[in-house]
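What follows is the content of upload.json (JSON, C-alpha atoms).
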[["chain", "number", "residue", "atom", "x", "y", "z"],
["A", 1, "MET", "CA", 242.50, 60.28, 68.18],
["A", 2, "THR", "CA", 245.75, 61.05, 69.98],
["A", 3, "PHE", "CA", 246.52, 59.82, 73.48],
["A", 4, "GLN", "CA", 246.56, 63.39, 74.79],
["A", 5, "LEU", "CA", 243.11, 64.14, 73.38],
["A", 6, "ARG", "CA", 241.68, 60.88, 74.78],
["A", 7, "LEU", "CA", 243.22, 61.72, 78.16],
["A", 8, "ALA", "CA", 241.63, 65.19, 78.10],
["A", 9, "ILE", "CA", 238.20, 63.79, 77.20],
["A", 10, "VAL", "CA", 238.31, 61.02, 79.82],
["A", 11, "THR", "CA", 239.57, 63.42, 82.50],
["A", 12, "LEU", "CA", 236.86, 66.00, 81.81],
["A", 13, "ALA", "CA", 234.24, 63.26, 81.47],
["A", 14, "ALA", "CA", 235.15, 61.89, 84.91],
["A", 15, "PHE", "CA", 234.80, 65.39, 86.35],
["A", 16, "GLY", "CA", 231.54, 66.06, 84.49],
["A", 17, "MET", "CA", 229.88, 62.75, 85.30],
["A", 18, "THR", "CA", 230.79, 63.04, 88.98],
["A", 19, "THR", "CA", 229.67, 66.64, 89.27],
["A", 20, "ILE", "CA", 226.29, 65.73, 87.76],
["A", 21, "LEU", "CA", 225.78, 62.98, 90.34],
["A", 22, "ALA", "CA", 227.21, 64.89, 93.32],
["A", 23, "SER", "CA", 225.37, 68.12, 92.48],
["A", 24, "SER", "CA", 222.10, 66.21, 92.15],
["A", 25, "ALA", "CA", 222.66, 64.57, 95.55],
["A", 26, "VAL", "CA", 223.43, 67.89, 97.26],
["A", 27, "ALA", "CA", 220.42, 69.50, 95.55],
["A", 28, "ALA", "CA", 218.21, 66.78, 97.02],
["A", 29, "MET", "CA", 219.69, 67.39, 100.48],
["A", 30, "THR", "CA", 219.02, 71.12, 100.11],
["A", 31, "VAL", "CA", 215.27, 70.48, 99.93],
["A", 32, "ARG", "CA", 215.44, 68.86, 103.37],
["A", 33, "LEU", "CA", 217.74, 71.57, 104.75],
["A", 34, "ALA", "CA", 215.30, 74.31, 103.76],
["A", 35, "SER", "CA", 212.53, 72.79, 105.89],
["A", 36, "GLY", "CA", 214.57, 71.06, 108.60],
["A", 37, "PRO", "CA", 216.41, 72.27, 111.69],
["A", 38, "ARG", "CA", 219.23, 74.79, 111.47],
["A", 39, "ARG", "CA", 222.64, 73.45, 110.51],
["A", 40, "SER", "CA", 226.00, 74.99, 111.35],
["A", 41, "ALA", "CA", 227.57, 77.34, 108.82],
["A", 42, "SER", "CA", 230.67, 75.13, 108.66],
["A", 43, "MET", "CA", 228.65, 72.05, 107.71],
["A", 44, "LEU", "CA", 226.68, 73.99, 105.09],
["A", 45, "PHE", "CA", 229.90, 75.37, 103.60],
["A", 46, "GLN", "CA", 231.44, 71.92, 103.31],
["A", 47, "LEU", "CA", 228.24, 70.51, 101.83],
["A", 48, "ARG", "CA", 228.26, 73.29, 99.21],
["A", 49, "LEU", "CA", 231.83, 72.42, 98.19],
["A", 50, "LEU", "CA", 231.23, 68.66, 98.23],
["A", 51, "PRO", "CA", 230.45, 68.31, 94.48],
["A", 52, "VAL", "CA", 233.65, 70.04, 93.36],
["A", 53, "VAL", "CA", 235.79, 68.09, 95.84],
["A", 54, "VAL", "CA", 234.32, 64.74, 94.78],
["A", 55, "SER", "CA", 234.64, 65.68, 91.10],
["A", 56, "THR", "CA", 238.27, 66.73, 91.54],
["A", 57, "ILE", "CA", 239.07, 63.40, 93.22],
["A", 58, "ALA", "CA", 237.43, 61.54, 90.31],
["A", 59, "MET", "CA", 239.43, 63.62, 87.83],
["A", 60, "ILE", "CA", 242.73, 62.90, 89.60],
["A", 61, "LEU", "CA", 241.99, 59.17, 89.71],
["A", 62, "ALA", "CA", 241.10, 59.20, 86.01],
["A", 63, "ILE", "CA", 244.38, 60.93, 85.12],
["A", 64, "VAL", "CA", 246.49, 58.51, 87.19],
["A", 65, "ALA", "CA", 244.68, 55.42, 85.86],
["A", 66, "PHE", "CA", 244.85, 56.58, 82.25],
["A", 67, "GLU", "CA", 248.51, 57.58, 82.44],
["A", 68, "ARG", "CA", 249.59, 54.30, 84.06],
["A", 69, "PHE", "CA", 247.53, 51.70, 82.24],
["A", 70, "GLU", "CA", 246.25, 53.12, 78.96],
["A", 71, "PRO", "CA", 248.32, 52.24, 75.88],
["A", 72, "ARG", "CA", 249.81, 55.24, 74.08],
["A", 73, "ALA", "CA", 249.40, 53.75, 70.62],
["A", 74, "GLY", "CA", 246.32, 52.48, 68.85],
["A", 75, "GLU", "CA", 242.87, 53.85, 68.14],
["A", 76, "GLU", "CA", 240.03, 53.44, 70.59],
["A", 77, "ARG", "CA", 236.37, 54.31, 70.32],
["A", 78, "THR", "CA", 235.31, 57.35, 72.32],
["A", 79, "ALA", "CA", 231.71, 57.12, 73.51],
["A", 80, "LEU", "CA", 229.44, 60.06, 72.79],
["A", 81, "ALA", "CA", 228.32, 59.97, 76.42],
["A", 82, "LEU", "CA", 231.91, 60.62, 77.49],
["A", 83, "VAL", "CA", 232.15, 63.56, 75.11],
["A", 84, "ALA", "CA", 228.87, 64.94, 76.47],
["A", 85, "CYS", "CA", 230.10, 64.66, 80.07],
["A", 86, "ALA", "CA", 233.37, 66.32, 79.05],
["A", 87, "ILE", "CA", 231.41, 69.21, 77.53],
["A", 88, "VAL", "CA", 229.40, 69.57, 80.76],
["A", 89, "ALA", "CA", 232.65, 69.72, 82.76],
["A", 90, "ALA", "CA", 234.20, 72.28, 80.41],
["A", 91, "ALA", "CA", 231.05, 74.42, 80.60],
["A", 92, "ALA", "CA", 231.01, 74.25, 84.42],
["A", 93, "ILE", "CA", 234.68, 75.26, 84.62],
["A", 94, "ALA", "CA", 234.17, 78.10, 82.12],
["A", 95, "ALA", "CA", 231.10, 79.35, 84.02],
["A", 96, "ALA", "CA", 233.03, 79.29, 87.31],
["A", 97, "ALA", "CA", 235.87, 81.27, 85.73],
["A", 98, "ARG", "CA", 233.34, 83.78, 84.41],
["A", 99, "ARG", "CA", 231.67, 84.15, 87.83],
["A", 100, "THR", "CA", 235.05, 84.63, 89.50],
["A", 101, "TRP", "CA", 236.04, 87.30, 86.99],
["A", 102, "ARG", "CA", 232.71, 89.12, 87.35],
["A", 103, "SER", "CA", 233.00, 89.00, 91.15],
["A", 104, "TYR", "CA", 236.50, 90.42, 90.92],
["A", 105, "GLN", "CA", 235.32, 93.20, 88.62],
["A", 106, "THR", "CA", 232.35, 94.00, 90.88],
["A", 107, "THR", "CA", 234.61, 94.13, 93.92],
["A", 108, "ARG", "CA", 237.14, 96.31, 92.12],
["A", 109, "ARG", "CA", 234.48, 98.81, 90.98],
["A", 110, "ALA", "CA", 232.91, 98.98, 94.43],
["A", 111, "LEU", "CA", 236.26, 99.51, 96.15],
["A", 112, "ARG", "CA", 237.28, 102.17, 93.64],
["A", 113, "GLN", "CA", 234.05, 104.04, 94.26],
["A", 114, "TRP", "CA", 234.15, 103.65, 98.04],
["A", 115, "PHE", "CA", 237.81, 104.56, 98.51],
["A", 116, "SER", "CA", 237.60, 107.65, 96.33],
["A", 117, "THR", "CA", 236.06, 109.36, 99.37],
["A", 118, "ALA", "CA", 237.42, 107.14, 102.15],
["A", 119, "GLN", "CA", 238.99, 108.53, 105.29],
["A", 120, "PRO", "CA", 240.77, 106.50, 107.99],
["A", 121, "LEU", "CA", 238.57, 105.72, 110.94],
["A", 122, "VAL", "CA", 239.30, 104.67, 114.51],
["A", 123, "LEU", "CA", 236.73, 102.25, 115.92],
["A", 124, "PRO", "CA", 237.10, 100.64, 119.37],
["A", 125, "GLY", "CA", 237.75, 96.92, 119.09],
["A", 126, "CYS", "CA", 238.47, 96.96, 115.37],
["A", 127, "LYS", "CA", 241.66, 95.01, 114.58],
["A", 128, "VAL", "CA", 241.87, 95.85, 110.86],
["A", 129, "PRO", "CA", 242.14, 99.21, 109.09],
["A", 130, "ALA", "CA", 238.77, 100.95, 109.07],
["A", 131, "PHE", "CA", 237.50, 103.66, 106.71],
["A", 132, "ALA", "CA", 234.53, 105.99, 106.57],
["A", 133, "ILE", "CA", 233.04, 106.16, 103.07],
["A", 134, "ASP", "CA", 230.31, 108.03, 101.21],
["A", 135, "ALA", "CA", 227.69, 105.59, 99.93],
["A", 136, "PRO", "CA", 223.95, 105.87, 99.22],
["A", 137, "PHE", "CA", 223.43, 102.47, 100.87],
["A", 138, "PRO", "CA", 224.33, 102.06, 104.58],
["A", 139, "VAL", "CA", 227.36, 99.88, 103.87],
["A", 140, "VAL", "CA", 229.09, 98.12, 106.75],
["A", 141, "ALA", "CA", 231.38, 95.47, 105.33],
["A", 142, "VAL", "CA", 234.69, 93.68, 105.64],
["A", 143, "VAL", "CA", 236.33, 93.72, 102.20],
["A", 144, "GLY", "CA", 239.42, 91.92, 100.96],
["A", 145, "LEU", "CA", 241.00, 88.51, 101.44],
["A", 146, "VAL", "CA", 244.70, 89.17, 101.94],
["A", 147, "ARG", "CA", 244.43, 92.65, 103.48],
["A", 148, "PRO", "CA", 240.93, 92.89, 104.96],
["A", 149, "ARG", "CA", 239.54, 96.33, 105.67],
["A", 150, "LEU", "CA", 236.35, 97.52, 107.30],
["A", 151, "VAL", "CA", 234.32, 100.13, 105.44],
["A", 152, "VAL", "CA", 231.46, 101.99, 107.12],
["A", 153, "ALA", "CA", 229.13, 104.45, 105.43],
["A", 154, "ARG", "CA", 229.12, 107.89, 107.02],
["A", 155, "SER", "CA", 225.35, 107.68, 107.33],
["A", 156, "VAL", "CA", 225.81, 104.69, 109.67],
["A", 157, "LEU", "CA", 228.45, 106.49, 111.71],
["A", 158, "ASP", "CA", 226.13, 109.48, 112.13],
["A", 159, "ALA", "CA", 223.06, 107.43, 113.02],
["A", 160, "CYS", "CA", 224.48, 104.83, 115.44],
["A", 161, "SER", "CA", 225.50, 105.38, 119.03],
["A", 162, "GLU", "CA", 228.90, 104.31, 120.35],
["A", 163, "PRO", "CA", 227.56, 101.08, 121.94],
["A", 164, "GLU", "CA", 225.82, 100.22, 118.66],
["A", 165, "LEU", "CA", 229.04, 100.81, 116.72],
["A", 166, "ARG", "CA", 230.90, 98.56, 119.15],
["A", 167, "ALA", "CA", 228.34, 95.82, 118.52],
["A", 168, "ILE", "CA", 228.69, 96.33, 114.76],
["A", 169, "VAL", "CA", 232.48, 96.05, 114.98],
["A", 170, "ALA", "CA", 232.17, 92.88, 117.09],
["A", 171, "HIS", "CA", 229.90, 91.36, 114.43],
["A", 172, "GLU", "CA", 232.36, 92.15, 111.63],
["A", 173, "GLN", "CA", 235.31, 90.89, 113.70],
["A", 174, "ALA", "CA", 233.44, 87.58, 113.96],
["A", 175, "HIS", "CA", 233.29, 87.41, 110.15],
["A", 176, "LEU", "CA", 237.03, 88.02, 110.05],
["A", 177, "ARG", "CA", 237.80, 85.25, 112.54],
["A", 178, "ARG", "CA", 235.61, 82.86, 110.59],
["A", 179, "ARG", "CA", 237.22, 83.82, 107.24],
["A", 180, "ASP", "CA", 233.79, 84.22, 105.69],
["A", 181, "ASN", "CA", 235.11, 86.30, 102.79],
["A", 182, "ALA", "CA", 237.42, 83.47, 101.73],
["A", 183, "ARG", "CA", 234.59, 80.96, 102.05],
["A", 184, "ARG", "CA", 232.32, 83.15, 99.94],
["A", 185, "ALA", "CA", 235.00, 83.39, 97.25],
["A", 186, "LEU", "CA", 235.41, 79.60, 97.18],
["A", 187, "ILE", "CA", 231.67, 79.10, 96.79],
["A", 188, "ALA", "CA", 231.54, 81.60, 93.93],
["A", 189, "ALA", "CA", 234.46, 79.87, 92.18],
["A", 190, "ALA", "CA", 233.15, 76.30, 92.58],
["A", 191, "PRO", "CA", 232.88, 74.69, 89.11],
["A", 192, "ASP", "CA", 229.80, 72.53, 89.61],
["A", 193, "LEU", "CA", 226.19, 72.42, 88.46],
["A", 194, "LEU", "CA", 224.69, 73.74, 91.71],
["A", 195, "ALA", "CA", 225.49, 77.30, 90.63],
["A", 196, "TRP", "CA", 223.23, 76.86, 87.58],
["A", 197, "PHE", "CA", 220.06, 75.90, 89.42],
["A", 198, "GLY", "CA", 217.80, 77.09, 92.20],
["A", 199, "ALA", "CA", 219.09, 74.49, 94.66],
["A", 200, "GLY", "CA", 222.52, 76.11, 94.63],
["A", 201, "ARG", "CA", 221.03, 79.54, 95.24],
["A", 202, "ARG", "CA", 218.87, 78.18, 98.08],
["A", 203, "LEU", "CA", 221.87, 76.51, 99.70],
["A", 204, "ALA", "CA", 223.87, 79.73, 99.37],
["A", 205, "ALA", "CA", 221.01, 81.66, 100.99],
["A", 206, "ILE", "CA", 220.79, 79.15, 103.87],
["A", 207, "TRP", "CA", 224.57, 79.43, 104.36],
["A", 208, "GLN", "CA", 224.37, 83.25, 104.27],
["A", 209, "THR", "CA", 221.73, 83.20, 107.00],
["A", 210, "ALA", "CA", 223.82, 80.76, 109.04],
["A", 211, "ILE", "CA", 227.00, 82.86, 108.91],
["A", 212, "GLU", "CA", 225.12, 86.02, 109.91],
["A", 213, "GLU", "CA", 223.50, 84.24, 112.86],
["A", 214, "ALA", "CA", 226.86, 82.77, 113.88],
["A", 215, "ALA", "CA", 228.52, 86.21, 113.68],
["A", 216, "ASP", "CA", 225.64, 87.74, 115.67],
["A", 217, "ASP", "CA", 226.05, 85.10, 118.40],
["A", 218, "GLU", "CA", 229.82, 85.69, 118.62],
["A", 219, "ALA", "CA", 229.32, 89.45, 118.79],
["A", 220, "VAL", "CA", 226.91, 89.32, 121.76],
["A", 221, "ARG", "CA", 228.74, 86.93, 124.04],
["A", 222, "GLY", "CA", 229.31, 89.80, 126.46],
["A", 223, "GLY", "CA", 225.74, 89.72, 127.73],
["A", 224, "ARG", "CA", 222.18, 90.84, 127.07],
["A", 225, "HIS", "CA", 223.08, 94.52, 126.69],
["A", 226, "TRP", "CA", 225.23, 93.56, 123.68],
["A", 227, "ARG", "CA", 222.24, 91.76, 122.18],
["A", 228, "VAL", "CA", 220.12, 94.87, 122.53],
["A", 229, "HIS", "CA", 222.79, 97.13, 121.04],
["A", 230, "LEU", "CA", 223.27, 94.89, 118.00],
["A", 231, "ALA", "CA", 219.52, 94.57, 117.46],
["A", 232, "GLU", "CA", 219.15, 98.35, 117.64],
["A", 233, "ALA", "CA", 222.06, 98.79, 115.21],
["A", 234, "LEU", "CA", 220.49, 96.38, 112.71],
["A", 235, "ILE", "CA", 217.16, 98.21, 112.84],
["A", 236, "ARG", "CA", 218.83, 101.61, 112.53],
["A", 237, "VAL", "CA", 220.97, 100.53, 109.56],
["A", 238, "ALA", "CA", 217.97, 98.97, 107.79],
["A", 239, "ARG", "CA", 216.01, 102.22, 108.17],
["A", 240, "LEU", "CA", 218.82, 104.11, 106.47],
["A", 241, "ALA", "CA", 218.62, 101.94, 103.35],
["A", 242, "PRO", "CA", 216.97, 103.51, 100.29],
["A", 243, "SER", "CA", 214.13, 101.60, 98.65],
["A", 244, "GLY", "CA", 215.25, 98.97, 96.17],
["A", 245, "GLY", "CA", 218.13, 97.56, 98.23],
["A", 246, "PRO", "CA", 221.85, 97.99, 97.55],
["A", 247, "PRO", "CA", 222.82, 99.43, 94.14],
["A", 248, "VAL", "CA", 225.27, 96.55, 93.60],
["A", 249, "SER", "CA", 225.72, 93.08, 95.02],
["A", 250, "LEU", "CA", 227.93, 93.64, 98.04],
["A", 251, "PRO", "CA", 231.14, 91.62, 97.43],
["A", 252, "ALA", "CA", 231.96, 91.17, 101.09],
["A", 253, "SER", "CA", 230.80, 90.11, 104.53],
["A", 254, "ALA", "CA", 228.24, 92.85, 105.09],
["A", 255, "LEU", "CA", 226.16, 93.64, 108.17],
["A", 256, "TYR", "CA", 223.05, 94.26, 106.05],
["A", 257, "ARG", "CA", 222.29, 93.47, 102.39],
["A", 258, "GLY", "CA", 218.71, 94.62, 102.11],
["A", 259, "GLU", "CA", 217.18, 91.39, 103.45],
["A", 260, "ASP", "CA", 214.37, 91.02, 105.99],
["A", 261, "LEU", "CA", 215.92, 91.37, 109.45],
["A", 262, "ALA", "CA", 212.91, 90.25, 111.50],
["A", 263, "ASP", "CA", 214.31, 86.82, 112.37],
["A", 264, "ARG", "CA", 217.77, 88.16, 113.27],
["A", 265, "VAL", "CA", 216.36, 90.88, 115.51],
["A", 266, "ARG", "CA", 213.96, 88.42, 117.16],
["A", 267, "ARG", "CA", 216.82, 86.01, 117.91],
["A", 268, "LEU", "CA", 218.78, 88.83, 119.55],
["A", 269, "VAL", "CA", 216.05, 90.23, 121.79],
["A", 270, "ASP", "CA", 214.06, 87.08, 122.57],
["A", 271, "PRO", "CA", 215.82, 84.86, 125.14],
["A", 272, "ALA", "CA", 213.67, 81.91, 124.04],
["A", 273, "ALA", "CA", 214.65, 82.24, 120.36],
["A", 274, "GLU", "CA", 216.56, 79.38, 118.80],
["A", 275, "ALA", "CA", 220.31, 79.91, 118.90],
["A", 276, "ALA", "CA", 222.50, 79.17, 115.92],
["A", 277, "PRO", "CA", 223.98, 75.66, 116.04],
["A", 278, "ARG", "CA", 227.39, 75.45, 117.67],
["A", 279, "GLU", "CA", 230.26, 75.32, 115.21],
["A", 280, "ARG", "CA", 231.64, 71.84, 115.63],
["A", 281, "ALA", "CA", 234.27, 70.21, 113.46],
["A", 282, "SER", "CA", 232.56, 68.95, 110.32],
["A", 283, "TRP", "CA", 233.93, 65.79, 108.72],
["A", 284, "VAL", "CA", 232.14, 66.06, 105.37],
["A", 285, "LEU", "CA", 235.14, 67.25, 103.35],
["A", 286, "PRO", "CA", 237.93, 65.58, 105.40],
["A", 287, "ALA", "CA", 236.23, 62.20, 105.05],
["A", 288, "THR", "CA", 235.77, 62.81, 101.33],
["A", 289, "LEU", "CA", 239.40, 63.84, 100.83],
["A", 290, "ALA", "CA", 240.50, 60.68, 102.65],
["A", 291, "LEU", "CA", 239.03, 58.71, 99.74],
["A", 292, "LEU", "CA", 241.80, 59.92, 97.42],
["A", 293, "PRO", "CA", 244.81, 58.07, 98.94],
["A", 294, "ILE", "CA", 242.62, 55.01, 99.55],
["A", 295, "SER", "CA", 241.38, 55.01, 95.95],
["A", 296, "LEU", "CA", 244.91, 55.42, 94.57],
["A", 297, "LEU", "CA", 245.70, 51.98, 96.02],
["A", 298, "ALA", "CA", 243.03, 50.52, 93.76],
["A", 299, "VAL", "CA", 243.83, 52.55, 90.66],
["A", 300, "HIS", "CA", 244.23, 49.45, 88.47],
["A", 301, "SER", "CA", 240.71, 48.31, 89.32],
["A", 302, "ILE", "CA", 239.46, 51.82, 88.65],
["A", 303, "HIS", "CA", 241.02, 51.68, 85.18],
["A", 304, "GLU", "CA", 239.34, 48.35, 84.48],
["A", 305, "TRP", "CA", 235.96, 49.80, 85.46],
["A", 306, "MET", "CA", 236.64, 52.79, 83.24],
["A", 307, "GLU", "CA", 237.29, 50.46, 80.31],
["A", 308, "ILE", "CA", 234.06, 48.59, 80.96],
["A", 309, "ALA", "CA", 232.10, 51.83, 81.16],
["A", 310, "ILE", "CA", 233.62, 53.16, 77.94],
["A", 311, "ALA", "CA", 232.84, 49.90, 76.16],
["A", 312, "PHE", "CA", 229.14, 49.96, 77.08],
["A", 313, "LEU", "CA", 228.44, 53.68, 76.88],
["A", 314, "PRO", "CA", 226.68, 54.87, 73.70]]
As a first step, turn the structure in this file into structure tokens.
Amino acid sequence: MTFQLRLAIVTLAAFGMTTILASSAVAAMTVRLASGPRRSASMLFQLRLLPVVVSTIAMILAIVAFERFEPRAGEERTALALVACAIVAAAAIAAAARRTWRSYQTTRRALRQWFSTAQPLVLPGCKVPAFAIDAPFPVVAVVGLVRPRLVVARSVLDACSEPELRAIVAHEQAHLRRRDNARRALIAAAPDLLAWFGAGRRLAAIWQTAIEEAADDEAVRGGRHWRVHLAEALIRVARLAPSGGPPVSLPASALYRGEDLADRVRRLVDPAAEAAPRERASWVLPATLALLPISLLAVHSIHEWMEIAIAFLP
């Protein structure tokens, strides 16, 4: 087996083995999150990306250790367990690429359909280009990463009052400030095992709820009348939705996706309702990334442990 092939197997195996462990740990945490107190959207986002960050660090360390200390010549046994972990990593990366491509295609089809009838729209408080579109579902969404745009179904424009539209715009502006579209794209592209199982979907649903609550709270900072206007807008938009929910998965930060809005409306109109947790700086990913330069100082020891593991693996 050539040095390059051994390097590829060890690198992918390091990624695969770490993503199995890290994804399992995050899946276990998700069970507690589903029944525990609310967590901030930022913390949930970083927790969701933790497996891929840890796995990438392990992969980088494996490459550096193998390149520096592994002899180029000679034949060495390659454990079947390493090959299996490498296959898991390759499958996770391929699945992530497939999800990213499908998301891109879904977004492209939706935008083509929406913008075939789009007309420029002027909305007070909106800081990005806005467009009125024809859509059977009451779409209100910020689309795009580099050049974000706000699209609003004409049915929503006809049904909502001016104060309600202002509250809607404030909610979508909050998504823009928080860069929720970019975060959603990163989650969809994460090559880990969470995306294959229910725990990943539950964590994504908890995060989705958290970002909507955070955007609601930012939108109504002006006072109670803003809370009432946004609650009324949510109810009005939900009533416009046809049975069966949206015809496609909305590839954007959308005001309404067909979900139950009872909790969101209650939080807006009930002063005693639990507020979304304040967005504080989360150190989950920064602390994890700090492990990379520290671990590089011990790369020789890491290589020795790799050799021991390879020797004892079946």
*Can you tell me, as a ChimeraX atom specification, which residues sit within 12 Å of (245.1, 88.7, 100.0) in the file's frame, using all atoms listed in the file?*
/A:143-149,179,181-182,185
*How would you write as a VMD selection string the residues that get within 10 Å of (216.5, 93.3, 105.2) in the file's frame, counting all atoms listed in the file?*
chain A and resid 234 to 235 237 to 239 241 245 256 to 264
_Rounded to one decimal, what separation in Å do you get between atom CA of A:Asp217 and atom CA of A:Arg184?_
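Taking atom CA of A:Asp217 as the start and atom CA of A:Arg184 as the end point, the length is 19.6 Å.
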*asked:* What's around A:Ala8 at 12 Å? Count all atoms listed in the file, leave out sequence neighbours fewer than 3 positions away in its own chain, and write the answer as a list in words.
replied: Met1, Thr2, Phe3, Gln4, Leu5, Thr11, Leu12, Ala13, Ala14, Phe15, Gly16, Met59, Ile60, Ala62, Ile63, Phe66, Glu67, Thr78, Leu82, Val83, Cys85, Ala86, Ile87, Ala89 and Ala90 of chain A
*From the list A:Phe137, A:Trp196, A:Trp101, A:Trp114, which residue is nearest A:Pro242 when using only C-alpha atoms?*
A:Phe137
*Go ahead and compute the interatomic distance for atom CA of A:Val284 and atom CA of A:Ser23, in Å to one decimal.*
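For atom CA of A:Val284 relative to atom CA of A:Ser23, the distance reads 14.7 Å.
Residues within 10 Å of A:Ala97, counting all atoms listed in the file and excluding same-chain residues fewer than 5 positions away, are A:Ala91, A:Ala92, A:Arg102, A:Ser103, A:Ala188, A:Ala189, A:Ala190, A:Pro191.
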_d(atom CA of A:Ala110, atom CA of A:Arg201) in Å_ = 22.8 Å
